[in-house]
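Working notes, beginning with the structure itself.
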Amino acid sequence: MFIDRTIIEVRSGKGGDGALTFLHEKNRPLGGPSGGNGGRGGSIYLRCSSSTTTLVNYRHSKVFIAENGENGGNKLQYGKDAKDIYIDLPVGTVVYLESNHSFICDLNKVGETYLIAKGGRGGRGNACFKNARNKAPKIAENGLPGETKRLILELKLLADVGIIGLPSVGKSTFISCVSNSKAEIGDYPFTTIVPNLGVTYLKDGSSFVLADMPGLIEGAHLGKGLGLAFLRHIERTRVLIHMVDMSRENPYQDYLTIRKELEEYGMNLIDRPEVIIASKMDEEGANEKLKEFEKKINKKVYPLSCLTNDGIDEILYKCKDLLKDAPVFPIYKEEEKEVVINLDESDEIFDIVKEKEHLFVIKGERVERTYDLINISTDEGMMRLITYLNKIGVDERLKEMGAKDGDIVKLKEFEFEYFE
């Protein structure tokens with residue numbers, strides 16, 4: 001089964017909590033803080049592999065969950081790091097974030113890996129907080145939470161040349177003649193419902209990869225017919241073979257229909273080098289239609305008859321010549337690249353939103369991350385959180401926003417009452 005698009009969910013592991021313990025041994029009743037650090041949560045990687053060629057293993061929405069890091073222990077015992085998870089994907093897989101369809105990565109080299117969900121860092125045990133002023137700290141950190149992402153996986157075939165055209169113009173017959181592809185051939189529309197790949201070998205010993213695409217109809221860029229399934233796979237191709245059937249009533253209009261769909265879809269498809277083929281030249285009246293067609297488009301057209309194999313070598317060598325200078329077109333727009341935000345001192349640490357009367361919510365990646373680290377199960381931990389919030393100016397911001405005594409303030413799942 002050929003599956004070229006699916007959605008999966010990945011969840012990296014939470015870091016282990018740091019231990020809050022003190023050493024009590026026979027001859028050392030006051031041995032001091034001995035809490036070890038927590039282990040790192042498991043990360044999730046995407047890996048480009050040659051062992052799979054489709055996304056069939058992920059055809060149902062799958063969830064990949066990494067284990068949490070082990071908590072720290074007594075006597076400075078560090079928690080064990082969790083194992084990372086590797087998800088093997090076929091060559092040519094492009095990954096997007098489902099929430100906003102932003103581009104994440106393009107896996108097009110075997111062995112290439114991408115860290116898609118980083119495991120949470122382990123929290124520090126109370127032994128790390130010991131200093132000359134506080135020799136018995138009752139403070140430990142929680143492990144940071146992992147990441148959860150829903151991903152769109154799209155497989156876009158790695159072919160040098162893509163064969164395009166309306167349904168039943170002879171695309172599958174052509175690729176079967178020039179390569180080892182076993183494409184289905186039939187006298188009805190949409191014989192090809194999935195792309196077919198084949199390697200063609202020229203008489204001079206050179207070779208390149210051909211892809212026979214499902215037939216295109218008017219409105220394909222909007223998803224009609226098999227349009228999107230077709231167009232998605234020619235995004236990587238560097239040269240297009242545009243096949244026009246000379247047995248049809250109006251080959252020129254057929255040609256314009258395909259060109260319009262390429263332009264409407266975008267992704268620079270209209271700018272690809274193009275080899276125009278007049279197929280089915282063995283049909284009656286084909287030569288007259290070819291002359292009229294060439295006159296209208298004012299471009300070189302290569303006649304082809306797969307019945308007699310006439311014109312095949314000339315077409316293949318033309319493709320080879322175009323491939324020498326054809327650029328590699330990006331499969332994503334520059335503005336679609338994932339934006340990585342680096343937090344520095346100039347960034348806003350927090351924001352406060354008044355969700356309703358008497359309820360204020362503290363938001364922000366930096367303040368939420370710090371909250372996740374602080375273990376508030378002890379008095380010292382709670383005091384540490386309150387001190388931090390006052391230090392970054394939460395109290396002043398609440399006062400500016402008109403908070404009154406008794407109003408509720410939330411930071412993630414933590415709630416407290418505001419008093420001036």
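Ordering of the structure tokens sets the chain letters (A, B, ...); residue numbers start at 1 within each chain; ligands are numbered from 1 in the order shown.
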Next on the checklist: Based on the backbone DSSP call, show me all residues of region 24-255 of chain A assigned strand (DSSP E), as JSON, numbers by chain.
Outcome noted: {"A": [44, 45, 46, 47, 48, 49, 62, 63, 64, 65, 85, 86, 87, 88, 89, 90, 93, 94, 95, 96, 97, 103, 104, 105, 106, 107, 113, 114, 115, 116, 117, 148, 149, 150, 151, 152, 153, 154, 155, 161, 162, 163, 164, 196, 197, 198, 199, 200, 201, 207, 208, 209, 210, 211, 212, 239, 240, 241, 242, 243, 244, 245]}
Output file for the selection above: C-alpha atoms, as a tab-separated table (two decimals), in the first residue's frame:
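This is the output file selection09.tsv:
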```tsv
chain	number	residue	atom	x	y	z
A	44	ILE	CA	12.43	11.73	20.05
A	45	TYR	CA	14.34	11.83	16.77
A	46	LEU	CA	13.20	11.50	13.17
A	47	ARG	CA	15.62	9.38	11.13
A	48	CYS	CA	15.87	9.05	7.36
A	49	SER	CA	16.05	5.36	6.49
A	62	LYS	CA	0.16	7.08	15.94
A	63	VAL	CA	1.52	8.42	19.20
A	64	PHE	CA	5.20	8.01	20.12
A	65	ILE	CA	5.89	8.52	23.82
A	85	ILE	CA	13.23	7.07	20.48
A	86	TYR	CA	14.09	7.03	16.77
A	87	ILE	CA	11.29	7.11	14.18
A	88	ASP	CA	12.43	5.76	10.80
A	89	LEU	CA	10.96	7.59	7.81
A	90	PRO	CA	11.50	7.04	4.07
A	93	THR	CA	9.77	12.82	3.83
A	94	VAL	CA	8.93	16.44	4.59
A	95	VAL	CA	7.72	17.29	8.10
A	96	TYR	CA	5.35	20.11	9.07
A	97	LEU	CA	3.83	21.21	12.37
A	103	PHE	CA	7.96	23.69	7.80
A	104	ILE	CA	10.19	21.73	10.21
A	105	CYS	CA	12.59	19.57	8.20
A	106	ASP	CA	13.20	17.76	4.94
A	107	LEU	CA	14.70	14.26	5.29
A	113	THR	CA	18.43	12.63	11.93
A	114	TYR	CA	16.42	15.50	13.35
A	115	LEU	CA	15.63	16.17	17.01
A	116	ILE	CA	11.88	16.74	16.91
A	117	ALA	CA	11.01	16.63	20.64
A	148	THR	CA	4.30	17.39	22.68
A	149	LYS	CA	3.89	17.98	18.95
A	150	ARG	CA	1.52	16.78	16.24
A	151	LEU	CA	3.31	16.40	12.93
A	152	ILE	CA	2.24	16.14	9.31
A	153	LEU	CA	4.45	13.72	7.37
A	154	GLU	CA	4.43	14.08	3.59
A	155	LEU	CA	6.41	11.82	1.29
A	161	VAL	CA	12.27	13.92	-14.14
A	162	GLY	CA	8.50	13.97	-13.69
A	163	ILE	CA	6.08	12.92	-16.44
A	164	ILE	CA	2.95	15.06	-16.44
A	196	ASN	CA	5.49	5.15	-10.30
A	197	LEU	CA	9.28	5.42	-10.07
A	198	GLY	CA	11.66	3.97	-12.62
A	199	VAL	CA	15.35	4.27	-13.49
A	200	THR	CA	16.14	4.76	-17.17
A	201	TYR	CA	19.55	3.84	-18.57
A	207	SER	CA	20.96	7.19	-16.01
A	208	PHE	CA	18.35	9.20	-14.15
A	209	VAL	CA	15.14	8.60	-12.18
A	210	LEU	CA	11.74	9.08	-13.80
A	211	ALA	CA	8.40	9.48	-12.02
A	212	ASP	CA	5.07	8.82	-13.72
A	239	VAL	CA	12.81	18.57	-15.27
A	240	LEU	CA	9.25	17.93	-16.46
A	241	ILE	CA	8.18	15.82	-19.42
A	242	HIS	CA	4.89	17.33	-20.54
A	243	MET	CA	3.01	14.73	-22.56
A	244	VAL	CA	0.24	15.91	-24.90
A	245	ASP	CA	-1.99	13.39	-26.69
```
Checklist entry - Skipping near chain neighbours, those fewer than 3 positions away, what residues fall within 12 Å of Arg397 (chain A) using only C-alpha atoms, listed as a VMD selection string? => result chain A and resid 350 to 354 360 to 362 389 to 394 400 to 403 409 418 420
Could you dump the residues just selected with N, CA and C atoms as an mmCIF file, in the first residue's frame?
```
data_model
loop_
_atom_site.group_PDB
_atom_site.id
_atom_site.type_symbol
_atom_site.label_atom_id
_atom_site.label_comp_id
_atom_site.auth_asym_id
_atom_site.auth_seq_id
_atom_site.Cartn_x
_atom_site.Cartn_y
_atom_site.Cartn_z
ATOM 1 N N PHE A 350 7.574 37.699 31.089
ATOM 2 C CA PHE A 350 6.213 37.249 31.394
ATOM 3 C C PHE A 350 5.209 38.257 30.857
ATOM 4 N N ASP A 351 3.975 37.807 30.816
ATOM 5 C CA ASP A 351 2.852 38.678 30.482
ATOM 6 C C ASP A 351 1.712 38.298 31.415
ATOM 7 N N ILE A 352 0.847 39.235 31.711
ATOM 8 C CA ILE A 352 -0.300 38.967 32.582
ATOM 9 C C ILE A 352 -1.574 39.315 31.820
ATOM 10 N N VAL A 353 -2.502 38.369 31.807
ATOM 11 C CA VAL A 353 -3.770 38.559 31.114
ATOM 12 C C VAL A 353 -4.904 38.505 32.134
ATOM 13 N N LYS A 354 -5.788 39.487 32.061
ATOM 14 C CA LYS A 354 -6.961 39.478 32.925
ATOM 15 C C LYS A 354 -8.064 38.727 32.191
ATOM 16 N N PHE A 360 -6.427 36.818 37.236
ATOM 17 C CA PHE A 360 -5.279 37.210 36.428
ATOM 18 C C PHE A 360 -4.417 35.965 36.164
ATOM 19 N N VAL A 361 -3.965 35.834 34.926
ATOM 20 C CA VAL A 361 -3.164 34.667 34.540
ATOM 21 C C VAL A 361 -1.790 35.133 34.068
ATOM 22 N N ILE A 362 -0.746 34.571 34.686
ATOM 23 C CA ILE A 362 0.636 34.878 34.304
ATOM 24 C C ILE A 362 1.041 33.914 33.182
ATOM 25 N N LEU A 389 9.004 35.659 41.570
ATOM 26 C CA LEU A 389 7.930 36.441 40.947
ATOM 27 C C LEU A 389 8.031 37.914 41.308
ATOM 28 N N ASN A 390 8.385 38.199 42.559
ATOM 29 C CA ASN A 390 8.562 39.601 42.966
ATOM 30 C C ASN A 390 9.756 40.229 42.253
ATOM 31 N N LYS A 391 10.807 39.427 42.071
ATOM 32 C CA LYS A 391 12.033 39.938 41.457
ATOM 33 C C LYS A 391 11.807 40.351 40.005
ATOM 34 N N ILE A 392 11.002 39.589 39.264
ATOM 35 C CA ILE A 392 10.780 39.916 37.852
ATOM 36 C C ILE A 392 9.674 40.950 37.656
ATOM 37 N N GLY A 393 9.034 41.377 38.746
ATOM 38 C CA GLY A 393 8.087 42.478 38.665
ATOM 39 C C GLY A 393 6.632 42.095 38.525
ATOM 40 N N VAL A 394 6.262 40.873 38.914
ATOM 41 C CA VAL A 394 4.868 40.450 38.804
ATOM 42 C C VAL A 394 3.978 41.278 39.728
ATOM 43 N N GLU A 400 -0.398 47.680 38.691
ATOM 44 C CA GLU A 400 -0.683 48.578 37.578
ATOM 45 C C GLU A 400 -1.984 48.202 36.872
ATOM 46 N N MET A 401 -2.295 46.890 36.851
ATOM 47 C CA MET A 401 -3.485 46.415 36.159
ATOM 48 C C MET A 401 -4.738 46.516 37.024
ATOM 49 N N GLY A 402 -4.588 47.031 38.254
ATOM 50 C CA GLY A 402 -5.754 47.258 39.097
ATOM 51 C C GLY A 402 -6.179 46.059 39.916
ATOM 52 N N ALA A 403 -5.258 45.136 40.187
ATOM 53 C CA ALA A 403 -5.598 43.972 41.012
ATOM 54 C C ALA A 403 -5.937 44.427 42.428
ATOM 55 N N VAL A 409 -4.633 34.861 41.272
ATOM 56 C CA VAL A 409 -3.554 34.917 40.278
ATOM 57 C C VAL A 409 -3.122 33.485 39.970
ATOM 58 N N TYR A 418 -3.955 37.524 45.670
ATOM 59 C CA TYR A 418 -3.162 38.737 45.637
ATOM 60 C C TYR A 418 -3.512 39.612 46.837
ATOM 61 N N GLU A 420 -2.015 43.368 48.490
ATOM 62 C CA GLU A 420 -1.074 44.475 48.291
ATOM 63 C C GLU A 420 -0.191 44.663 49.522
#
```
Next on the checklist: Write out as number ranges by chain the set of residues from region 86-330 of chain A that DSSP, computed on the backbone, places in helix (DSSP H, G or I).
Outcome noted: A: 126-129, 171-178, 220-222, 227-233, 251-265, 269-271, 286-297, 312-325
Go ahead and save the picked residues with C-alpha atoms, as a CSV table (one decimal), in the first residue's frame.
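Result file is result-v7.csv:
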```csv
chain,number,residue,atom,x,y,z
A,126,ASN,CA,19.3,19.7,47.3
A,127,ALA,CA,23.0,18.9,47.4
A,128,CYS,CA,23.5,21.3,44.5
A,129,PHE,CA,22.1,24.2,46.6
A,171,LYS,CA,2.5,8.5,-19.4
A,172,SER,CA,2.5,4.9,-17.9
A,173,THR,CA,3.2,3.4,-21.3
A,174,PHE,CA,6.2,5.6,-21.8
A,175,ILE,CA,7.8,4.9,-18.3
A,176,SER,CA,7.3,1.2,-18.9
A,177,CYS,CA,9.1,1.4,-22.2
A,178,VAL,CA,12.1,3.4,-20.9
A,220,ALA,CA,-6.2,19.9,-9.7
A,221,HIS,CA,-4.5,22.6,-7.6
A,222,LEU,CA,-7.7,22.8,-5.6
A,227,GLY,CA,-4.5,16.7,-8.2
A,228,LEU,CA,-2.8,17.2,-4.9
A,229,ALA,CA,-1.5,13.7,-4.8
A,230,PHE,CA,0.0,14.4,-8.2
A,231,LEU,CA,1.3,17.9,-7.6
A,232,ARG,CA,3.0,17.1,-4.3
A,233,HIS,CA,5.3,14.6,-5.9
A,251,PRO,CA,-4.0,19.3,-27.9
A,252,TYR,CA,-3.2,23.0,-27.6
A,253,GLN,CA,-6.0,23.6,-25.0
A,254,ASP,CA,-4.9,20.4,-23.1
A,255,TYR,CA,-1.4,21.9,-22.9
A,256,LEU,CA,-2.7,25.2,-21.6
A,257,THR,CA,-4.8,23.4,-19.0
A,258,ILE,CA,-1.8,21.7,-17.5
A,259,ARG,CA,0.4,24.8,-17.5
A,260,LYS,CA,-2.3,26.7,-15.7
A,261,GLU,CA,-2.6,24.1,-13.0
A,262,LEU,CA,1.2,24.2,-12.5
A,263,GLU,CA,1.2,28.0,-12.2
A,264,GLU,CA,-1.8,28.0,-9.8
A,265,TYR,CA,-0.2,25.4,-7.5
A,269,LEU,CA,6.6,24.3,-10.9
A,270,ILE,CA,5.9,26.6,-13.9
A,271,ASP,CA,9.6,27.5,-14.0
A,286,ALA,CA,-1.6,13.0,-35.5
A,287,ASN,CA,1.0,14.6,-37.9
A,288,GLU,CA,-1.4,17.3,-38.9
A,289,LYS,CA,-2.3,18.1,-35.3
A,290,LEU,CA,1.4,18.2,-34.3
A,291,LYS,CA,2.2,20.8,-37.0
A,292,GLU,CA,-0.7,23.0,-35.8
A,293,PHE,CA,0.3,22.5,-32.2
A,294,GLU,CA,3.9,23.4,-32.7
A,295,LYS,CA,2.8,26.6,-34.6
A,296,LYS,CA,0.6,27.7,-31.7
A,297,ILE,CA,3.1,27.1,-28.8
A,312,ILE,CA,12.4,7.7,-27.3
A,313,ASP,CA,16.2,8.1,-27.5
A,314,GLU,CA,15.9,11.8,-28.5
A,315,ILE,CA,13.6,12.5,-25.6
A,316,LEU,CA,15.8,10.8,-23.0
A,317,TYR,CA,19.0,12.6,-24.2
A,318,LYS,CA,17.2,15.9,-24.1
A,319,CYS,CA,16.2,15.2,-20.5
A,320,LYS,CA,19.8,14.3,-19.7
A,321,ASP,CA,21.1,17.6,-21.2
A,322,LEU,CA,18.6,19.7,-19.2
A,323,LEU,CA,19.5,17.9,-16.0
A,324,LYS,CA,23.1,19.1,-16.3
A,325,ASP,CA,22.1,22.7,-15.7
```
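The spacing separating CA of His358 (chain A) from CA of Ile408 (chain A) amounts to 6.0 Å.
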Might you pull out every residue within 9 Å of Ser247 (chain A), with only C-alpha atoms counted and same-chain residues fewer than 4 positions away left off, and present them as a PDB file with N, CA, C and O atoms, in the first residue's frame?
```pdb
ATOM      1  N   VAL A 169      -2.869   9.918 -21.451  1.00  0.00           N
ATOM      2  CA  VAL A 169      -2.115  10.455 -22.593  1.00  0.00           C
ATOM      3  C   VAL A 169      -0.920   9.580 -22.936  1.00  0.00           C
ATOM      4  O   VAL A 169      -0.203   9.860 -23.907  1.00  0.00           O
ATOM      5  N   PRO A 251      -5.268  19.444 -28.688  1.00  0.00           N
ATOM      6  CA  PRO A 251      -4.029  19.298 -27.907  1.00  0.00           C
ATOM      7  C   PRO A 251      -3.536  20.618 -27.316  1.00  0.00           C
ATOM      8  O   PRO A 251      -2.991  20.638 -26.210  1.00  0.00           O
ATOM      9  N   SER A 279       2.453  12.681 -27.934  1.00  0.00           N
ATOM     10  CA  SER A 279       2.313  11.224 -27.826  1.00  0.00           C
ATOM     11  C   SER A 279       1.275  10.687 -28.810  1.00  0.00           C
ATOM     12  O   SER A 279       0.495  11.443 -29.403  1.00  0.00           O
ATOM     13  N   LYS A 280       1.315   9.363 -28.969  1.00  0.00           N
ATOM     14  CA  LYS A 280       0.374   8.635 -29.841  1.00  0.00           C
ATOM     15  C   LYS A 280       0.446   9.124 -31.283  1.00  0.00           C
ATOM     16  O   LYS A 280      -0.581   9.367 -31.940  1.00  0.00           O
ATOM     17  N   MET A 281       1.676   9.247 -31.761  1.00  0.00           N
ATOM     18  CA  MET A 281       1.870   9.717 -33.135  1.00  0.00           C
ATOM     19  C   MET A 281       1.504   8.658 -34.172  1.00  0.00           C
ATOM     20  O   MET A 281       1.481   8.938 -35.369  1.00  0.00           O
ATOM     21  N   GLU A 283      -1.408   7.399 -34.276  1.00  0.00           N
ATOM     22  CA  GLU A 283      -2.841   7.559 -34.525  1.00  0.00           C
ATOM     23  C   GLU A 283      -3.081   8.337 -35.822  1.00  0.00           C
ATOM     24  O   GLU A 283      -2.273   9.171 -36.249  1.00  0.00           O
ATOM     25  N   GLU A 284      -4.219   8.119 -36.451  1.00  0.00           N
ATOM     26  CA  GLU A 284      -4.562   8.795 -37.701  1.00  0.00           C
ATOM     27  C   GLU A 284      -4.765  10.295 -37.466  1.00  0.00           C
ATOM     28  O   GLU A 284      -5.438  10.710 -36.526  1.00  0.00           O
ATOM     29  N   GLY A 285      -4.159  11.105 -38.318  1.00  0.00           N
ATOM     30  CA  GLY A 285      -4.288  12.562 -38.234  1.00  0.00           C
ATOM     31  C   GLY A 285      -3.356  13.202 -37.227  1.00  0.00           C
ATOM     32  O   GLY A 285      -3.401  14.426 -37.032  1.00  0.00           O
ATOM     33  N   ALA A 286      -2.470  12.423 -36.586  1.00  0.00           N
ATOM     34  CA  ALA A 286      -1.587  12.960 -35.541  1.00  0.00           C
ATOM     35  C   ALA A 286      -0.574  13.940 -36.111  1.00  0.00           C
ATOM     36  O   ALA A 286      -0.260  14.960 -35.483  1.00  0.00           O
ATOM     37  N   LYS A 289      -2.093  17.419 -36.599  1.00  0.00           N
ATOM     38  CA  LYS A 289      -2.319  18.084 -35.304  1.00  0.00           C
ATOM     39  C   LYS A 289      -0.997  18.545 -34.690  1.00  0.00           C
ATOM     40  O   LYS A 289      -0.938  19.589 -34.031  1.00  0.00           O
TER      41      LYS A 289
END
```
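The nearest approach to Asn68 (chain A) among the residues A:Asn268, A:Thr53, A:Thr21, A:Ser12, with only C-alpha atoms taken into account, belongs to A:Ser12.
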Next on the checklist: To one decimal place in Å, what is the distance between CA of Gly41 (chain A) and CA of Gly79 (chain A)?
Outcome noted: 10.2 Å
Next on the checklist: My list of candidates is A:Leu359, A:Val275, A:Ala140, A:Val110. Which is closest to Gly406 (chain A) when distances are computed with only C-alpha atoms?
Outcome noted: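 The shortest atom-to-atom distance to Gly406 (chain A) comes from A:Leu359.
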Taking 3 positions as the minimum chain separation for residues in the same chain, which residues sit within 8 Å of Lys14 (chain A) when counting only C-alpha atoms? Answer as a short mmCIF file (atom, residue, chain, number, x, y, z; two decimals) with N, CA, C and O atoms, in the first residue's frame.
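Result file follows (out.cif):
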```cif
data_model
loop_
_atom_site.label_atom_id
_atom_site.label_comp_id
_atom_site.auth_asym_id
_atom_site.auth_seq_id
_atom_site.Cartn_x
_atom_site.Cartn_y
_atom_site.Cartn_z
N ARG A 40 17.67 12.78 32.65
CA ARG A 40 17.07 13.46 31.50
C ARG A 40 15.96 12.62 30.90
O ARG A 40 16.09 11.39 30.78
N GLY A 41 14.87 13.26 30.51
CA GLY A 41 13.78 12.55 29.84
C GLY A 41 14.17 12.13 28.43
O GLY A 41 15.07 12.73 27.81
N GLY A 42 13.53 11.12 27.91
CA GLY A 42 13.85 10.63 26.57
C GLY A 42 13.46 11.61 25.49
O GLY A 42 12.38 12.20 25.53
N GLU A 67 10.04 7.73 27.49
CA GLU A 67 9.94 7.54 28.94
C GLU A 67 10.48 8.76 29.69
O GLU A 67 11.29 9.54 29.15
N ASN A 68 10.01 8.92 30.93
CA ASN A 68 10.51 9.99 31.78
C ASN A 68 11.86 9.62 32.38
O ASN A 68 12.18 8.43 32.55
N GLY A 69 12.63 10.64 32.73
CA GLY A 69 13.89 10.39 33.42
C GLY A 69 13.64 9.91 34.84
O GLY A 69 12.60 10.21 35.45
N GLY A 119 13.85 15.86 25.23
CA GLY A 119 13.48 15.42 26.57
C GLY A 119 13.77 16.48 27.61
O GLY A 119 14.70 17.28 27.47
N GLY A 120 12.95 16.51 28.66
CA GLY A 120 13.12 17.52 29.71
C GLY A 120 14.39 17.29 30.52
O GLY A 120 14.80 16.16 30.77
N ARG A 121 15.02 18.40 30.94
CA ARG A 121 16.22 18.31 31.76
C ARG A 121 15.85 17.85 33.17
O ARG A 121 14.81 18.22 33.71
N GLY A 122 16.72 17.03 33.76
CA GLY A 122 16.49 16.57 35.12
C GLY A 122 16.68 17.70 36.13
O GLY A 122 17.50 18.59 35.94
N GLY A 143 11.98 18.09 37.52
CA GLY A 143 12.43 17.93 36.15
C GLY A 143 11.55 18.72 35.20
O GLY A 143 10.35 18.89 35.44
N LEU A 144 12.14 19.23 34.14
CA LEU A 144 11.35 19.99 33.16
C LEU A 144 10.47 19.05 32.34
O LEU A 144 10.85 17.92 32.04
N PRO A 145 9.28 19.51 31.98
CA PRO A 145 8.39 18.66 31.17
C PRO A 145 8.94 18.47 29.77
O PRO A 145 9.74 19.28 29.28
N GLY A 146 8.50 17.41 29.10
CA GLY A 146 8.89 17.18 27.72
C GLY A 146 8.03 18.00 26.77
O GLY A 146 7.22 18.83 27.19
#
```
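With only C-alpha atoms as the basis for measurement, A:Ile7 is the residue among A:Ile7, A:Asn71, A:Tyr302, A:Lys118 that approaches His101 (chain A) most closely.
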Next on the checklist: Between A:Ala19, A:Ala66, A:Leu304, A:Ile234, which residue has the minimum interatomic distance to Ser34 (chain A), considering only C-alpha atoms?
Outcome noted: A:Ala19
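In terms of minimum interatomic distance to Val328 (chain A), A:Thr237 ranks closest within A:Asp17, A:Leu158, A:Thr237, A:Ser43, counting only C-alpha atoms.
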Item to check | Residue among A:Asp395, A:Glu348, A:Glu70, A:Asp310 lying closest to Asn142 (chain A), counting only C-alpha atoms | outcome: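 The answer is A:Glu70, which sits nearest to Asn142 (chain A).
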Item to check | Gap from CA of Lys138 (chain A) to CA of Glu380 (chain A) - Å, one decimal | outcome: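 These atoms are spaced 6.1 Å apart.
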